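Report on the structure given below.
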Amino acid sequence: MAQPYRYIGKATPRKDGLDIVTGESRFVDDLKFERLLHGVVVRSPHAHAMIKSIDSAGAKGLEGVRAVLTREDIPDFKYGNPRVFRLLDRKVRYVGDAVALIAAESEQIAREAAGLVAIDYHVLPAVFDDYEAMEPGAPQLYEEFPGNVLPLGDPFLGQKSMVEIRTGDVADGLSEADVIIAGKCGYDNLPNPMPMESPRVVASWGRGVEGRDCVTFWISNQAPYLMKVILGAILGANLDVRVFGGPCGGSFGSKLMSWQPMCYAALLSKNTGRPVKVVYSKEEHLGSFVLRPSSRLDIKVGMKKDGTVTAIAGDWLIGTGCYSQTTQAQVAVGCGEAMIALRCKNWSVKPKIVCTNRTASGIARGFGGQELKCALFPILSRGMEKLQIDPLDFMKKNFIKPGDGYLWRDAQWYDYRGISFTAMMDRGAEVFGWKQKWKGWLTPTSVEGAKRIGIGVGVHGNADVGEDVSEAYVRIDSNGSIVVHSCLQEHGTGQRSNGAKVVAEVLQTPLEWVSMTPADTMVNPFEFGPFGSRGTYVILGAIIRAAEDARSKLFEVAAPMLGCAASELDTADGYIWAKSAPKRRVRWQRALFQRTILGYGRFEPDYSLSNCLMSFVEVEVDTETGNLVLQRVVNATDVGQIIDPQGLAGQLCGCLGTAGIDSAIFEETILDSSTGRILNANMIDYKWRTSSEMPTIDNVVFQTPMPTHRFHAIGVGEIATAPGPSAVLMAASNAIGAWLDSYPVTPCKVLRALGKVGNAGNKQRAHTARKRGAGD
């Protein structure tokens, strides 16, 4: 039963709400700087080439140009995993790769100058398919990585980060199965996370303490302190890095990959002695920034008649494009998330990461697990169909239960200490009407002329709800005002307001007494950032602990004044009193005369808990045109305790875009397989859902107290997109009575599955499909 909280679980105004609706929020584009220059990137028109020479004289001679930098003009900065990827290189590896940097008095002048840079290329053969990249004789992107295969493992995750799923004995597990399914499936349509605001940054290089070089950034992503750490590692240990975070026009994880534009701006600022702004156009955002990794699975699954999974074995191929920064971490997390969703004793899943000549892959919501499970669940569906198992029953049986355990991203075993999600799943099914609508595998719920209704279900969980470290201070000033020191940046979810809310709840003060410091790395302690649904448990957990520490210190100061022990005190609305004598009280201001209270909170990683989201979908498929319409979504989850009802609703209703459910319907990046150019790098040709095309979305939210912090809450934002794509693929297959096994479900694929169109004239696409083990 929910606790009678003052603010927790109740709708409260966001701290930044008025500024947002009145246009007063200051995004990067709203900031004013004296003598600001504008930076642009000169990009390669070729997918793979050596740069023979660069003539920048024409660009430098254009009035208003203040700098033109090539690889010869900058240090040999490298980053990525492994750390071999150069900021500017003599070799370009995708259409849009950076060749030179320009700073000018206006963006228009800078872009004009970019057209005056003369570059002589020696064009090389390119490779765009992940399987073809590993074949003998394939073009090689890096000498360090024969066969274009990158090493697994991420040092950031620990000495033994997870590089495969290996437990038990697969041969024994397969021998126990009633049915063995061998299958291939790909989730490789490269959807773009596509926040509304493209990557952008302002950098100013100067002199800091004791004459040391320093660079200050004003950024638009969700993790200023983590960017300080990343940029310090790239630019050098002798450089002081300061990062200001402001309002962020969406990120969905992707804009953490902004180290390149940030470095471009910093180098141009160093060269010119002036602040420089770099803003990616929407075409650059879609064509030269990060995409979701591609994922292709080739596995065998053993399954019993009761839905027990006896073994899973096979290969997982992950395409990372031209380089990797986080792909190894996504593989590690994805492997752990598969174990959370499937209680299987015998695993042997071997990942492999491959480079090709396209723009890089990076972070997107569903980090790793969405990539793996969107390819895995369609294969599992074949086994369920053979044994006539209801997918809802299968997922309820196999999702993690108290007493189970799993390997997580650091390759350590964790005993799960959370709750059972079965009741929540049942309630979601009831609200959706699953029992009434489920007619069996490859059977539509209803048929009306050419239009057929199909249903599907997916599930996802993530133990990164407790990932990494967060720190916070809570300061109570002598006038009774409260300041939360946290480098938490607002990125659309309302978490900064939630930071103030939990502090007001702990200290029982009016909400308006609590403010948050700006997300400035100079004045705030370490904060990893709001990723992986860690905001509710980890970030708020650190803030709560800081508030509790401040409360304890406040009581220690007031105890002598009230003649009792600190443990006997309570507080509300700026008064402190003895619990045994409530009328004997003092005001905060008296206790804090010429004094500041500073509470400290720190959260250490905890991977023993998982969240859960189950998505039910209903689609209508027109068997004459092949068109698919998403009609209804029901999301079911258990958050322990709702902190912010509006924010939670926003996260759950955000299941569609940001490379979520709609990546199963129409979102995809289309790469020209002859030139390597992205053909739909604009907001017209990249298909995405508009507000007039929204389906009905219902959310079922349970509040079963979780063993987290004093409010027993857990986050679910990261996983809102993850269960939906495979659920849509299931629903579409059921609607038309034929299996679909690739994303997105385009009209052409539907009609081909129905035998209404052939493959004539599509030999190359068929060849690629055979390699992928999926339809085109």
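Quick note on naming: the chains in the structure tokens go A, B, ... in the order shown, residues restart at 1 in each chain, and ligands are numbered from 1 in order of appearance.
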Using only C-alpha atoms, what does the table of segment 390-424 of chain A residues within 9 Å of segment 597-618 of chain A look like, with each row giving the shortest atom pair and its distance in Å to one decimal, sorted by chain and ascending number, as a tab-separated table?
```
residue	atom	partner	partner_atom	distance
A:Phe399	CA	A:Cys612	CA	8.9
A:Ile400	CA	A:Ser610	CA	8.5
A:Gly405	CA	A:Ser608	CA	8.3
A:Tyr406	CA	A:Ser608	CA	8.9
A:Trp408	CA	A:Tyr607	CA	7.3
A:Tyr414	CA	A:Ser608	CA	5.5
A:Asp415	CA	A:Ser608	CA	6.1
A:Tyr416	CA	A:Ser608	CA	5.0
A:Arg417	CA	A:Ser608	CA	5.9
A:Gly418	CA	A:Leu609	CA	5.4
A:Ile419	CA	A:Leu609	CA	8.6
A:Phe421	CA	A:Cys612	CA	7.2
A:Met424	CA	A:Met614	CA	8.8
```
Identify all residues of segment 520-722 of chain A in helix (DSSP H, G or I) (DSSP on the backbone) and supply them as a PyMOL selection string.
chain A and resi 534-562+566-568+588-591+645-653+661-664+691-693+717-719
Export of prior selection with C-alpha atoms as a tab-separated table (two decimals), in the first residue's frame:
```
chain	number	residue	atom	x	y	z
A	534	ARG	CA	19.42	4.63	-12.83
A	535	GLY	CA	17.95	8.05	-12.08
A	536	THR	CA	15.30	6.85	-9.62
A	537	TYR	CA	17.36	4.37	-7.60
A	538	VAL	CA	20.90	5.68	-7.95
A	539	ILE	CA	20.80	9.44	-8.52
A	540	LEU	CA	17.82	10.08	-6.27
A	541	GLY	CA	19.29	7.53	-3.85
A	542	ALA	CA	22.45	9.64	-3.47
A	543	ILE	CA	20.38	12.81	-3.05
A	544	ILE	CA	18.14	11.11	-0.47
A	545	ARG	CA	21.18	9.97	1.51
A	546	ALA	CA	22.58	13.51	1.41
A	547	ALA	CA	19.26	14.87	2.69
A	548	GLU	CA	19.16	12.25	5.44
A	549	ASP	CA	22.72	13.16	6.41
A	550	ALA	CA	21.82	16.87	6.48
A	551	ARG	CA	18.79	16.08	8.63
A	552	SER	CA	20.92	14.13	11.11
A	553	LYS	CA	23.46	16.97	11.34
A	554	LEU	CA	20.68	19.49	11.81
A	555	PHE	CA	19.34	17.45	14.73
A	556	GLU	CA	22.82	17.19	16.27
A	557	VAL	CA	23.02	20.99	16.30
A	558	ALA	CA	19.51	21.44	17.69
A	559	ALA	CA	19.63	18.67	20.33
A	560	PRO	CA	21.41	20.76	23.03
A	561	MET	CA	18.89	23.56	22.51
A	562	LEU	CA	16.00	21.19	23.17
A	566	ALA	CA	19.26	13.98	18.36
A	567	SER	CA	17.48	10.65	17.81
A	568	GLU	CA	14.46	11.99	19.69
A	588	TRP	CA	15.80	26.21	11.83
A	589	GLN	CA	17.17	29.76	11.64
A	590	ARG	CA	17.94	29.72	15.35
A	591	ALA	CA	19.73	26.38	15.16
A	645	PRO	CA	3.24	10.53	-12.10
A	646	GLN	CA	3.54	12.90	-15.06
A	647	GLY	CA	7.16	11.99	-15.70
A	648	LEU	CA	6.39	8.28	-15.47
A	649	ALA	CA	3.51	8.59	-17.93
A	650	GLY	CA	5.77	10.49	-20.30
A	651	GLN	CA	8.42	7.78	-20.18
A	652	LEU	CA	5.93	4.96	-20.76
A	653	CYS	CA	4.14	6.78	-23.58
A	661	ILE	CA	8.16	0.27	-31.20
A	662	ASP	CA	8.23	2.20	-34.45
A	663	SER	CA	11.52	0.57	-35.39
A	664	ALA	CA	9.31	-2.48	-36.07
A	691	SER	CA	1.36	13.43	-33.21
A	692	SER	CA	-1.71	12.91	-35.40
A	693	GLU	CA	-0.86	9.20	-35.79
A	717	GLY	CA	12.47	4.88	-18.52
A	718	GLU	CA	15.37	3.10	-20.24
A	719	ILE	CA	13.32	0.00	-21.03
```
Taking 5 positions as the minimum chain separation for residues in the same chain, which residues sit within 12 Å of Thr675 of chain A when counting only C-alpha atoms? Answer as a ChimeraX atom specification.
/A:44-48,94-96,123-128,357-358,670
Can I get the selection written as a compact mmCIF listing (two decimals), in the first residue's frame, with all heavy atoms?
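Result written to out.txt:
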```
# COMPACT_ATOMS: atom_id res chain seq x y z
N SER A 44 33.77 13.89 -45.73
CA SER A 44 34.14 13.09 -46.90
C SER A 44 32.90 12.69 -47.71
O SER A 44 31.90 12.27 -47.13
CB SER A 44 34.86 11.82 -46.44
OG SER A 44 34.97 10.90 -47.51
N PRO A 45 33.00 12.74 -49.04
CA PRO A 45 31.92 12.22 -49.88
C PRO A 45 32.08 10.72 -50.17
O PRO A 45 31.22 10.13 -50.82
CB PRO A 45 32.07 13.03 -51.18
CG PRO A 45 33.54 13.27 -51.26
CD PRO A 45 34.04 13.42 -49.85
N HIS A 46 33.17 10.15 -49.69
CA HIS A 46 33.48 8.75 -49.98
C HIS A 46 33.36 7.90 -48.72
O HIS A 46 33.66 8.35 -47.61
CB HIS A 46 34.90 8.62 -50.54
CG HIS A 46 35.15 9.45 -51.76
ND1 HIS A 46 34.52 9.20 -52.97
CD2 HIS A 46 35.94 10.54 -51.95
CE1 HIS A 46 34.93 10.10 -53.86
NE2 HIS A 46 35.78 10.93 -53.26
N ALA A 47 32.96 6.64 -48.91
CA ALA A 47 32.81 5.73 -47.78
C ALA A 47 34.14 5.19 -47.30
O ALA A 47 34.27 4.80 -46.12
CB ALA A 47 31.89 4.57 -48.17
N HIS A 48 35.15 5.15 -48.16
CA HIS A 48 36.45 4.59 -47.78
C HIS A 48 37.49 5.17 -48.73
O HIS A 48 37.40 4.97 -49.95
CB HIS A 48 36.43 3.07 -47.90
CG HIS A 48 37.46 2.38 -47.08
ND1 HIS A 48 37.79 1.05 -47.25
CD2 HIS A 48 38.25 2.82 -46.07
CE1 HIS A 48 38.72 0.69 -46.39
NE2 HIS A 48 39.02 1.76 -45.66
N TYR A 94 33.73 6.45 -43.70
CA TYR A 94 32.30 6.48 -44.02
C TYR A 94 31.97 7.80 -44.70
O TYR A 94 32.72 8.78 -44.58
CB TYR A 94 31.44 6.28 -42.77
CG TYR A 94 31.42 7.44 -41.79
CD1 TYR A 94 30.39 8.37 -41.79
CD2 TYR A 94 32.42 7.59 -40.85
CE1 TYR A 94 30.35 9.42 -40.90
CE2 TYR A 94 32.41 8.64 -39.95
CZ TYR A 94 31.37 9.56 -39.97
OH TYR A 94 31.35 10.60 -39.09
N VAL A 95 30.88 7.82 -45.43
CA VAL A 95 30.43 9.06 -46.06
C VAL A 95 30.00 10.01 -44.95
O VAL A 95 29.06 9.73 -44.20
CB VAL A 95 29.27 8.80 -47.03
CG1 VAL A 95 28.72 10.13 -47.55
CG2 VAL A 95 29.72 7.93 -48.18
N GLY A 96 30.71 11.13 -44.82
CA GLY A 96 30.46 12.06 -43.74
C GLY A 96 31.56 12.10 -42.71
O GLY A 96 31.51 12.89 -41.76
N VAL A 123 40.35 6.68 -53.66
CA VAL A 123 39.17 5.94 -53.22
C VAL A 123 39.49 4.46 -53.09
O VAL A 123 40.14 3.86 -53.97
CB VAL A 123 37.99 6.16 -54.20
CG1 VAL A 123 36.77 5.36 -53.76
CG2 VAL A 123 37.65 7.65 -54.29
N LEU A 124 39.04 3.87 -51.99
CA LEU A 124 39.29 2.46 -51.68
C LEU A 124 37.98 1.68 -51.75
O LEU A 124 36.89 2.25 -51.59
CB LEU A 124 39.87 2.32 -50.27
CG LEU A 124 41.19 3.05 -49.99
CD1 LEU A 124 41.50 2.99 -48.49
CD2 LEU A 124 42.31 2.44 -50.79
N PRO A 125 38.05 0.37 -51.97
CA PRO A 125 36.83 -0.44 -51.89
C PRO A 125 36.25 -0.34 -50.48
O PRO A 125 36.98 -0.22 -49.49
CB PRO A 125 37.33 -1.86 -52.19
CG PRO A 125 38.64 -1.68 -52.89
CD PRO A 125 39.23 -0.42 -52.34
N ALA A 126 34.94 -0.40 -50.41
CA ALA A 126 34.25 -0.28 -49.12
C ALA A 126 33.40 -1.52 -48.88
O ALA A 126 33.10 -2.28 -49.80
CB ALA A 126 33.36 0.96 -49.10
N VAL A 127 33.04 -1.73 -47.62
CA VAL A 127 32.21 -2.86 -47.25
C VAL A 127 31.11 -2.36 -46.31
O VAL A 127 31.37 -1.60 -45.39
CB VAL A 127 33.04 -4.00 -46.60
CG1 VAL A 127 33.71 -3.53 -45.31
CG2 VAL A 127 32.19 -5.23 -46.36
N PHE A 128 29.87 -2.78 -46.58
CA PHE A 128 28.73 -2.27 -45.84
C PHE A 128 27.95 -3.35 -45.09
O PHE A 128 27.17 -3.03 -44.20
CB PHE A 128 27.78 -1.52 -46.79
CG PHE A 128 28.46 -0.47 -47.59
CD1 PHE A 128 28.61 -0.61 -48.97
CD2 PHE A 128 29.00 0.65 -46.99
CE1 PHE A 128 29.26 0.37 -49.71
CE2 PHE A 128 29.65 1.63 -47.71
CZ PHE A 128 29.78 1.49 -49.09
N ASN A 357 31.83 0.29 -43.32
CA ASN A 357 31.99 1.68 -43.77
C ASN A 357 30.67 2.44 -43.73
O ASN A 357 30.12 2.84 -44.75
CB ASN A 357 32.57 1.71 -45.19
CG ASN A 357 33.99 1.21 -45.24
OD1 ASN A 357 34.27 0.15 -45.80
ND2 ASN A 357 34.91 1.96 -44.67
N ARG A 358 30.16 2.63 -42.53
CA ARG A 358 29.01 3.50 -42.30
C ARG A 358 29.26 4.27 -41.02
O ARG A 358 30.17 3.97 -40.26
CB ARG A 358 27.71 2.71 -42.22
CG ARG A 358 27.63 1.77 -41.04
CD ARG A 358 26.20 1.36 -40.72
NE ARG A 358 26.11 0.34 -39.68
CZ ARG A 358 26.12 0.59 -38.38
NH1 ARG A 358 26.26 1.83 -37.94
NH2 ARG A 358 26.02 -0.40 -37.49
N ILE A 670 18.38 3.98 -44.28
CA ILE A 670 18.57 3.29 -45.55
C ILE A 670 19.92 3.69 -46.14
O ILE A 670 20.17 4.86 -46.44
CB ILE A 670 17.43 3.63 -46.53
CG1 ILE A 670 16.09 3.21 -45.92
CG2 ILE A 670 17.66 2.95 -47.88
CD1 ILE A 670 14.89 3.62 -46.73
```
Applying 8 Å and only C-alpha atoms, which residues near segment 229-239 of chain A remain after dropping the ones on its own chain fewer than 4 positions away? List them as a list in words.
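Near neighbours after the sequence-gap exclusion: Phe77, Lys78, Tyr79, Arg212, Asp213, Cys214, Val215, Tyr225, Trp259 and Cys263 of chain A.
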What lies within 8 Å of segment 182-193 of chain A using only C-alpha atoms, ignoring chain neighbours under 2 positions off, as a VMD selection string?
chain A and resid 180 195 251 to 252 254 286 290 to 301 364 to 365 371 to 372 374 to 376 378 to 379 657 to 659 663 667 to 670 741 to 744 772 to 774
Export, as a compact mmCIF listing (two decimals), in the first residue's frame, the selected residues with N, CA and C atoms.
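Saved to selection-v2.txt:
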```txt
# COMPACT_ATOMS: atom_id res chain seq x y z
N ILE A 180 13.65 -28.66 -30.50
CA ILE A 180 14.83 -27.83 -30.72
C ILE A 180 14.56 -26.96 -31.94
N PRO A 195 16.78 12.48 -31.11
CA PRO A 195 16.23 13.57 -30.29
C PRO A 195 15.93 14.79 -31.15
N SER A 251 17.89 13.35 -25.69
CA SER A 251 19.14 12.66 -25.97
C SER A 251 18.89 11.19 -26.24
N PHE A 252 18.11 10.56 -25.37
CA PHE A 252 17.84 9.13 -25.46
C PHE A 252 19.15 8.35 -25.45
N SER A 254 21.88 8.99 -26.89
CA SER A 254 22.75 9.13 -28.05
C SER A 254 23.73 10.29 -27.94
N LEU A 286 21.46 12.96 -38.75
CA LEU A 286 20.95 11.68 -39.25
C LEU A 286 21.99 10.92 -40.07
N VAL A 290 25.53 8.98 -34.42
CA VAL A 290 25.40 7.56 -34.10
C VAL A 290 24.00 7.01 -34.35
N LEU A 291 23.98 5.72 -34.72
CA LEU A 291 22.77 4.95 -34.92
C LEU A 291 22.73 3.81 -33.91
N ARG A 292 21.60 3.14 -33.81
CA ARG A 292 21.54 1.93 -33.01
C ARG A 292 22.41 0.86 -33.67
N PRO A 293 23.12 0.03 -32.90
CA PRO A 293 23.88 -1.06 -33.51
C PRO A 293 22.96 -2.04 -34.24
N SER A 294 23.51 -2.67 -35.28
CA SER A 294 22.76 -3.76 -35.91
C SER A 294 22.99 -5.04 -35.13
N SER A 295 22.01 -5.95 -35.21
CA SER A 295 22.06 -7.17 -34.41
C SER A 295 21.52 -8.32 -35.23
N ARG A 296 22.30 -9.40 -35.33
CA ARG A 296 21.89 -10.59 -36.08
C ARG A 296 22.21 -11.82 -35.25
N LEU A 297 21.23 -12.66 -35.11
CA LEU A 297 21.35 -13.82 -34.22
C LEU A 297 21.16 -15.10 -35.02
N ASP A 298 22.01 -16.08 -34.76
CA ASP A 298 21.94 -17.41 -35.39
C ASP A 298 22.08 -18.42 -34.26
N ILE A 299 20.95 -19.02 -33.79
CA ILE A 299 21.00 -19.81 -32.56
C ILE A 299 20.13 -21.07 -32.66
N LYS A 300 20.38 -21.95 -31.70
CA LYS A 300 19.52 -23.08 -31.41
C LYS A 300 18.93 -22.90 -30.02
N VAL A 301 17.67 -23.27 -29.89
CA VAL A 301 16.98 -23.18 -28.60
C VAL A 301 16.32 -24.52 -28.29
N ALA A 364 21.60 3.97 -27.51
CA ALA A 364 20.18 4.22 -27.73
C ALA A 364 19.43 3.54 -26.59
N ARG A 365 18.21 4.02 -26.30
CA ARG A 365 17.42 3.40 -25.23
C ARG A 365 17.26 1.91 -25.49
N GLU A 371 18.66 -4.76 -28.61
CA GLU A 371 19.28 -5.31 -29.82
C GLU A 371 19.26 -6.84 -29.81
N LEU A 372 19.58 -7.44 -28.66
CA LEU A 372 19.64 -8.89 -28.59
C LEU A 372 18.25 -9.52 -28.58
N CYS A 374 15.29 -8.35 -29.46
CA CYS A 374 14.45 -8.17 -30.65
C CYS A 374 14.79 -9.20 -31.73
N ALA A 375 15.99 -9.76 -31.69
CA ALA A 375 16.35 -10.85 -32.59
C ALA A 375 16.06 -12.21 -31.96
N LEU A 376 16.10 -12.29 -30.63
CA LEU A 376 15.94 -13.58 -29.93
C LEU A 376 14.48 -14.01 -29.81
N PRO A 378 11.73 -13.48 -31.64
CA PRO A 378 11.09 -14.10 -32.80
C PRO A 378 11.51 -15.56 -33.01
N ILE A 379 12.73 -15.91 -32.65
CA ILE A 379 13.17 -17.31 -32.76
C ILE A 379 12.48 -18.15 -31.68
N GLY A 657 8.62 6.11 -30.38
CA GLY A 657 9.77 6.60 -31.13
C GLY A 657 11.07 6.32 -30.43
N THR A 658 12.05 7.19 -30.67
CA THR A 658 13.41 7.01 -30.13
C THR A 658 13.89 5.59 -30.40
N ALA A 659 13.64 5.12 -31.62
CA ALA A 659 14.06 3.78 -32.04
C ALA A 659 13.41 2.71 -31.17
N SER A 663 10.44 1.21 -34.62
CA SER A 663 11.52 0.57 -35.39
C SER A 663 11.05 -0.77 -35.96
N GLU A 667 10.58 2.92 -38.85
CA GLU A 667 11.84 3.62 -38.62
C GLU A 667 13.02 2.77 -39.08
N GLU A 668 13.82 3.31 -39.99
CA GLU A 668 15.03 2.63 -40.44
C GLU A 668 15.94 3.63 -41.14
N THR A 669 17.21 3.35 -41.11
CA THR A 669 18.19 4.13 -41.86
C THR A 669 18.54 3.34 -43.13
N ILE A 670 18.38 3.98 -44.28
CA ILE A 670 18.57 3.29 -45.55
C ILE A 670 19.92 3.69 -46.14
N ASP A 741 10.26 -12.02 -40.05
CA ASP A 741 11.45 -12.19 -39.21
C ASP A 741 12.51 -11.12 -39.43
N SER A 742 12.08 -9.94 -39.86
CA SER A 742 13.03 -8.83 -39.95
C SER A 742 12.28 -7.52 -39.74
N TYR A 743 13.03 -6.50 -39.41
CA TYR A 743 12.46 -5.19 -39.08
C TYR A 743 12.88 -4.17 -40.15
N PRO A 744 12.03 -3.16 -40.42
CA PRO A 744 10.65 -3.00 -39.99
C PRO A 744 9.70 -3.82 -40.87
N ARG A 772 21.92 -12.87 -43.95
CA ARG A 772 21.42 -12.43 -42.65
C ARG A 772 20.51 -13.46 -42.01
N GLY A 773 19.96 -14.35 -42.85
CA GLY A 773 18.98 -15.28 -42.32
C GLY A 773 17.66 -14.61 -42.04
N ALA A 774 17.37 -13.54 -42.77
CA ALA A 774 16.14 -12.80 -42.54
C ALA A 774 15.63 -12.27 -43.86
```
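You can rank A:Val309, A:Leu569, A:Leu226, A:Cys322 by their closest distance to Gly362 of chain A using only C-alpha atoms, and at the top of that list sits A:Cys322.
From atom CA of Val459 of chain A back to atom CA of Ala341 of chain A, the distance works out to 7.3 Å.
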Would you mind listing what lies within 10 Å of Met395 of chain A as a PyMOL selection string, with only C-alpha atoms counted and same-chain residues fewer than 6 positions away left out?
chain A and resi 307+341-343+422+425+457-460+614
Tell me, as a compact mmCIF listing (two decimals) with N, CA and C atoms, in the first residue's frame, which residues lie within 7 Å of Gly529 of chain A, counting only C-alpha atoms; anything in the same chain fewer than 6 positions away does not count.
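In the end it all went to result07.txt:
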```
# COMPACT_ATOMS: atom_id res chain seq x y z
N GLN A 222 23.09 14.60 -21.59
CA GLN A 222 22.54 14.34 -20.26
C GLN A 222 23.57 14.05 -19.19
N ALA A 223 24.85 14.18 -19.47
CA ALA A 223 25.85 13.76 -18.49
C ALA A 223 27.07 14.66 -18.48
N LEU A 226 30.23 13.15 -16.62
CA LEU A 226 30.84 12.07 -17.38
C LEU A 226 31.56 12.61 -18.61
N LEU A 488 23.25 16.66 -12.01
CA LEU A 488 22.16 16.07 -12.77
C LEU A 488 21.62 17.11 -13.74
```
Go through segment 109-269 of chain A and collect every residue that DSSP, computed from the backbone, puts in strand (DSSP E or B); the answer should be as JSON, numbers by chain.
{"A": [118, 119, 120, 121, 122, 123, 149, 150, 165, 166, 167, 179, 180, 181, 182, 183, 184, 185, 186, 187, 200, 201, 202, 203, 204, 205, 206, 207, 213, 214, 215, 216, 217, 218, 219, 240, 241, 242, 243, 244, 245]}
Could those selected residues go to a file with C-alpha atoms, as an mmCIF file, in the first residue's frame?
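Final file, part.cif:
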```cif
data_model
loop_
_atom_site.group_PDB
_atom_site.id
_atom_site.type_symbol
_atom_site.label_atom_id
_atom_site.label_comp_id
_atom_site.auth_asym_id
_atom_site.auth_seq_id
_atom_site.Cartn_x
_atom_site.Cartn_y
_atom_site.Cartn_z
ATOM 1 C CA ALA A 118 40.103 21.059 -52.137
ATOM 2 C CA ILE A 119 40.741 17.433 -51.177
ATOM 3 C CA ASP A 120 42.400 14.797 -53.333
ATOM 4 C CA TYR A 121 41.261 11.267 -52.390
ATOM 5 C CA HIS A 122 42.468 7.824 -53.352
ATOM 6 C CA VAL A 123 39.170 5.943 -53.221
ATOM 7 C CA VAL A 149 36.429 -7.721 -35.941
ATOM 8 C CA LEU A 150 36.822 -5.620 -32.787
ATOM 9 C CA ILE A 165 26.851 -15.902 -22.065
ATOM 10 C CA ARG A 166 28.248 -19.233 -20.932
ATOM 11 C CA THR A 167 26.666 -21.312 -18.194
ATOM 12 C CA VAL A 179 11.688 -29.456 -29.323
ATOM 13 C CA ILE A 180 14.834 -27.830 -30.715
ATOM 14 C CA ILE A 181 14.499 -24.726 -32.859
ATOM 15 C CA ALA A 182 17.296 -23.466 -35.081
ATOM 16 C CA GLY A 183 16.694 -19.954 -36.298
ATOM 17 C CA LYS A 184 18.108 -16.698 -37.576
ATOM 18 C CA CYS A 185 16.747 -13.212 -37.066
ATOM 19 C CA GLY A 186 18.066 -9.689 -37.484
ATOM 20 C CA TYR A 187 17.265 -6.403 -35.774
ATOM 21 C CA ARG A 200 25.690 21.035 -30.370
ATOM 22 C CA VAL A 201 28.270 22.586 -28.084
ATOM 23 C CA VAL A 202 30.145 25.791 -27.296
ATOM 24 C CA ALA A 203 33.788 25.537 -26.195
ATOM 25 C CA SER A 204 36.117 28.218 -24.860
ATOM 26 C CA TRP A 205 39.844 27.519 -24.410
ATOM 27 C CA GLY A 206 41.867 29.705 -22.065
ATOM 28 C CA ARG A 207 44.141 29.880 -19.033
ATOM 29 C CA ASP A 213 45.293 25.392 -19.919
ATOM 30 C CA CYS A 214 41.586 25.049 -19.338
ATOM 31 C CA VAL A 215 38.626 24.518 -21.597
ATOM 32 C CA THR A 216 35.010 25.165 -20.698
ATOM 33 C CA PHE A 217 32.119 23.501 -22.500
ATOM 34 C CA TRP A 218 28.431 24.364 -22.636
ATOM 35 C CA ILE A 219 26.763 21.166 -23.749
ATOM 36 C CA ASP A 240 41.451 21.524 -16.725
ATOM 37 C CA VAL A 241 38.018 20.656 -18.128
ATOM 38 C CA ARG A 242 34.851 22.322 -16.929
ATOM 39 C CA VAL A 243 31.426 21.410 -18.290
ATOM 40 C CA PHE A 244 28.143 23.300 -17.959
ATOM 41 C CA GLY A 245 24.975 21.332 -18.617
#
```
